[in-house]
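Participant: Pasting in a structure now, in C-alpha cells, and then I'll have a few things to ask.
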Amino acid sequence: MQAYLIERLRSAASRLYPDAALPDIQIEKPRQPEHGDAATNLALMLTKVVGKPPRVVAQELVEAMEVDTDHITAMEIAGPGFINFRFSPSWLHRRLAAILADEAYGRSNKLAGKRYMVEFVSANPTGPLTVGHGRNAVLGDTIARLYEWIGADVTREYYFNNAGRQMRVLGESVHARYAQELGLDVALPEGGYEGEYIADIARALRVREGDALASDPHDPRFKEAAEHLIFEDIKQTLDRLQIRMNTFFNEDDLYKDGSIESVLAKLREKDLAYDLDGAVWFRTTAFGKEKDTVLVKSTGEPTYRLPDIAYHVKKLERGFDVCVDVFGADHIATYPDVLSAIDTLGFDSKRIDVLIYQFVTIVKDGVPYKMSTRKANFITLDELMDEVGADVTRFFFLMRSPGTHLEFDIAQAKEAGEKNPVFYLQYAHARIHSILRKVESDVEASVDLSPLTHPSELKLLKTLADFPEAVLSSALSKEPHRLINILNEIAVDFHRFYHDCRILGEEASLAAARTRLLHGVARVMKNGLTILGISAPDKM
RNA sequence: GCGCCCGUAGCUCAAUGGAUAGAGCGUUGGCCUCCGAAGCCAAAGGUUAUGGGUUCGACCCCCGUCGGGCGCACCA
C-alpha cells in the first residue's frame, strides 16, 4: 500500500509541478484513527518549493491523484495540510488472503544474498552466564533472527579468550578448592573466583584425575577442566534460551595464524603504531583522542585492543558483508578505535555495526539487587530461568529499547497474570486456538472474506497488514521491542474483536470469514513470537 | 575534568521532525446464564528535567545548565 500511494503521489506531483525537485515521499500511520489509515505530509514539504500554501497544494494533489477504489476509498485534507487516506475493505481482504496463503508471512528478501555475522555473548569461560549477559545474549540472538527474516544469511559467533590473566586466576582458584577438598590449607589466590561452581569443578576433576594434582597450582588440567565444564554450562544455558551459536572463535587463533603480527606491521607502516618505554603504542590522537593507547605492553603481551582490531579484520576477510557487534555500555569508549583502525587498514568500517545496550538492574523484593561478578552474589541466567521460565526471560530482555536502562523486576516477571505482558501475547494466541477448537474451523481457503466489515474486524486487518513492515524496521533499527509493540497492538485488536464479534451462532458465510480471520491472526502472532524466540502455545 | 548513553503519568517504559504525547503496573468504578475474565470498558493522572535556538511544525535536531548510568590502566 505504501508503495502504491508513493507512486500515485509522485505521479500527481510531477504532473502538477514539473519543475520542482520532489522530496522523499513519506507515508505515515496517523496516531488518531479519525485521521485515516495512512497520511502524507507531502503538501507541507512542497509548500516552500512551489510557493503555495500547504492546504492549496494538498487540494491540487488530491484532485490530480488517480487512485482506484480497490485500494483507497477516501482522501481528506486535514490540519495544516496533511492528506489522509482510507484503505478500502477489499484491499484489506486481499491482505488477509495473502497472510493465509503464506506460512512465513512477515518474511522479506530485503537482505537476500547478504552474509551477516552477529557476534554476541562472547563471555570468557570464567563462570556461568549471569543476568548481565542475558540482555546481550537475547538481543544478539533476536537480532540474528530478525535479519534472517528479512533474507540475510546469518552466522552467530561467540568470541572468547582462554589465555589471559583471568583464566590463569581461574585455574589457580580451582587448584585452591581442589587442595581444600583434600584437607590442605590452601587459600584462594588474590582476586580469585569465589563462586560455588569452582568447588564443583574441583570435585569433578578429582573424580576424573584422582588426588595427585595438589602440588602444582599451575597444572594445566585445572584451567582446562574449568574451561571445559564452564563452556558446557554456558552452552546449556544458551540452549535453554533457544540460542544456538554457529561458531566459536578463539582469540588465540589470531596469534597462531599471524593475524596479530600482520595487523601490527600494517599499523606501523601507516605510522599509527610506534615504540615508547618498551611498549607499542597506538596513535589514537590521530583520530581525535586525547591520548594514545597501548597496543603491546612492555611485557610483550598485547592489550585487548590489538586482537580486537585483528579480529574485526578477520571477520571482514571471512567474507561477511556486515558484522554486528553487541556490546554493553562499558565498551562504549573502545570500539571507535577499532573502527578507525579498520578504515586505515583499507576496509570499510561501515561494515562493522555496533549495537550498544544499557545495563540491567535486577529488582528483587522491590529493591535493586546489587551484583558483583567474581564474588558469589550474582544471579545466574539459569537461576533466573528457574524462577520465571525462558519465555519470560527472553521477553523481559527484549521489551525495552536497547538504549535505555532496563529494570528487570523479578516479582513482576513471576506474576503469571495481568502484570506480565508476555502472557498477554501468548494468551491471545491460545485463546484463538481455543475458539478454533469450538467452531467449525476447517474452512475452505477460497471462502469469501468480504463479510468482514465490522470496525473491529477492519482495525484488526489493518494492523495485520502492518506486520511485515514492522519486522523490517525492527530488524534494520536493531530494535526488537518495536516488534513487541506491534504484536501487542494485534493482541489488543484481537481481544476487541473477540469482544465485539462472535462466530458461533452467526450466519454461515460470516462465521466462515471470521474463522479465516482467526487463522490469520494466529499465524501472525505465532510468526512474531517465533522471531522473538518465545513459544506460542495453543493452550495455557 | 573529558567522552558516550539516559531524564516522558506515582512506578516501569512507548512514541520515522507531524495533527489531541500513549501503554502496562498501581488507584477508583463497571462487565462472565453467552466461542478462555491470563480478557474487556471507563475514570483519574503530563509545563516531555531546565533555559535558549533551528522551522510551517520539536519528546525527537543544535547549544548551555542540572540530575542519573557507564567508560576514561602497560585490566579484559
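Simple scheme: letters A, B, ... for chains in C-alpha cells order, numbers from 1 for residues in each chain, numbers from 1 for ligands in the order shown.
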Find the residues near region 327-333 of chain A: any atom within 7 Å, counting only C-alpha atoms (C1' of nucleotides), skip ones fewer than 3 places away on the same chain, and give them as a PyMOL selection string.

Facilitator: (chain A and resi 336+355-359) or (chain B and resi 4+70-71)

Participant: Save out the residues we just selected, N, CA and C atoms (P, O5', C5', C4', C3', O3' and C1' of nucleotides), as a JSON list (two decimals), in the first residue's frame.

Facilitator:
[["chain", "number", "residue", "atom", "x", "y", "z"],
["A", 336, "PRO", "N", 35.29, 2.86, 18.95],
["A", 336, "PRO", "CA", 35.68, 3.81, 17.89],
["A", 336, "PRO", "C", 37.13, 3.64, 17.44],
["A", 355, "LEU", "N", 26.05, -2.41, 18.18],
["A", 355, "LEU", "CA", 24.85, -2.15, 18.97],
["A", 355, "LEU", "C", 25.25, -2.06, 20.44],
["A", 356, "ILE", "N", 25.03, -0.90, 21.02],
["A", 356, "ILE", "CA", 25.33, -0.71, 22.44],
["A", 356, "ILE", "C", 24.03, -0.76, 23.22],
["A", 357, "TYR", "N", 24.00, -1.59, 24.24],
["A", 357, "TYR", "CA", 22.80, -1.62, 25.08],
["A", 357, "TYR", "C", 23.19, -1.20, 26.50],
["A", 358, "GLN", "N", 22.24, -0.64, 27.20],
["A", 358, "GLN", "CA", 22.50, -0.19, 28.57],
["A", 358, "GLN", "C", 22.32, -1.34, 29.55],
["A", 359, "PHE", "N", 22.85, -1.14, 30.72],
["A", 359, "PHE", "CA", 22.87, -2.22, 31.70],
["A", 359, "PHE", "C", 21.51, -2.56, 32.30],
["B", 4, "C", "P", 30.67, 12.82, 23.11],
["B", 4, "C", "O5'", 30.02, 11.40, 23.43],
["B", 4, "C", "C5'", 30.11, 10.33, 22.51],
["B", 4, "C", "C4'", 29.55, 9.07, 23.11],
["B", 4, "C", "C3'", 28.09, 9.12, 23.52],
["B", 4, "C", "O3'", 27.20, 8.96, 22.43],
["B", 4, "C", "C1'", 29.34, 8.16, 25.26],
["B", 70, "C", "P", 27.40, 2.93, 37.12],
["B", 70, "C", "O5'", 28.09, 2.82, 35.69],
["B", 70, "C", "C5'", 27.69, 1.80, 34.79],
["B", 70, "C", "C4'", 28.39, 1.97, 33.47],
["B", 70, "C", "C3'", 29.88, 2.21, 33.55],
["B", 70, "C", "O3'", 30.60, 1.02, 33.82],
["B", 70, "C", "C1'", 28.95, 3.73, 32.03],
["B", 71, "G", "P", 32.09, 1.08, 34.30],
["B", 71, "G", "O5'", 32.79, 1.15, 32.89],
["B", 71, "G", "C5'", 33.98, 1.85, 32.78],
["B", 71, "G", "C4'", 34.18, 2.30, 31.36],
["B", 71, "G", "C3'", 35.49, 3.05, 31.23],
["B", 71, "G", "O3'", 36.53, 2.16, 30.94],
["B", 71, "G", "C1'", 33.74, 4.40, 30.45]]

Participant: Taking only C-alpha atoms (C1' of nucleotides) into account, which residues of chain B are within 12 Å of chain A, as a PyMOL selection string?

Facilitator: chain B and resi 2-7+11-26+31+34-41+55-57+68-76

Participant: As a ChimeraX atom specification, which residues of region 128-289 of chain A does DSSP assign to strand (DSSP E or B)?

Facilitator: /A:130,153-160,247-250,273-276,279-282

Participant: Region 34-183 of chain A: which residues are helix (DSSP H, G or I) by DSSP, as an MDAnalysis selection string?

Facilitator: chainID A and resid 34:35 42:50 54:64 89:101 131:149 165:181

Participant: Find the residues around region 203-218 of chain A up to 9 Å (only C-alpha atoms (C1' of nucleotides) counted), leave out those fewer than 2 positions away in its own chain, and share them as number ranges by chain.

Facilitator: A: 168, 171-179, 181-182, 184, 198-201, 220-223, 225-226

Participant: Can you tell me how far CA of His519 (chain A) sits from CA of Glu148 (chain A), in Å to one decimal?

Facilitator: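 Separating CA of His519 (chain A) from CA of Glu148 (chain A) is a distance of 24.0 Å.
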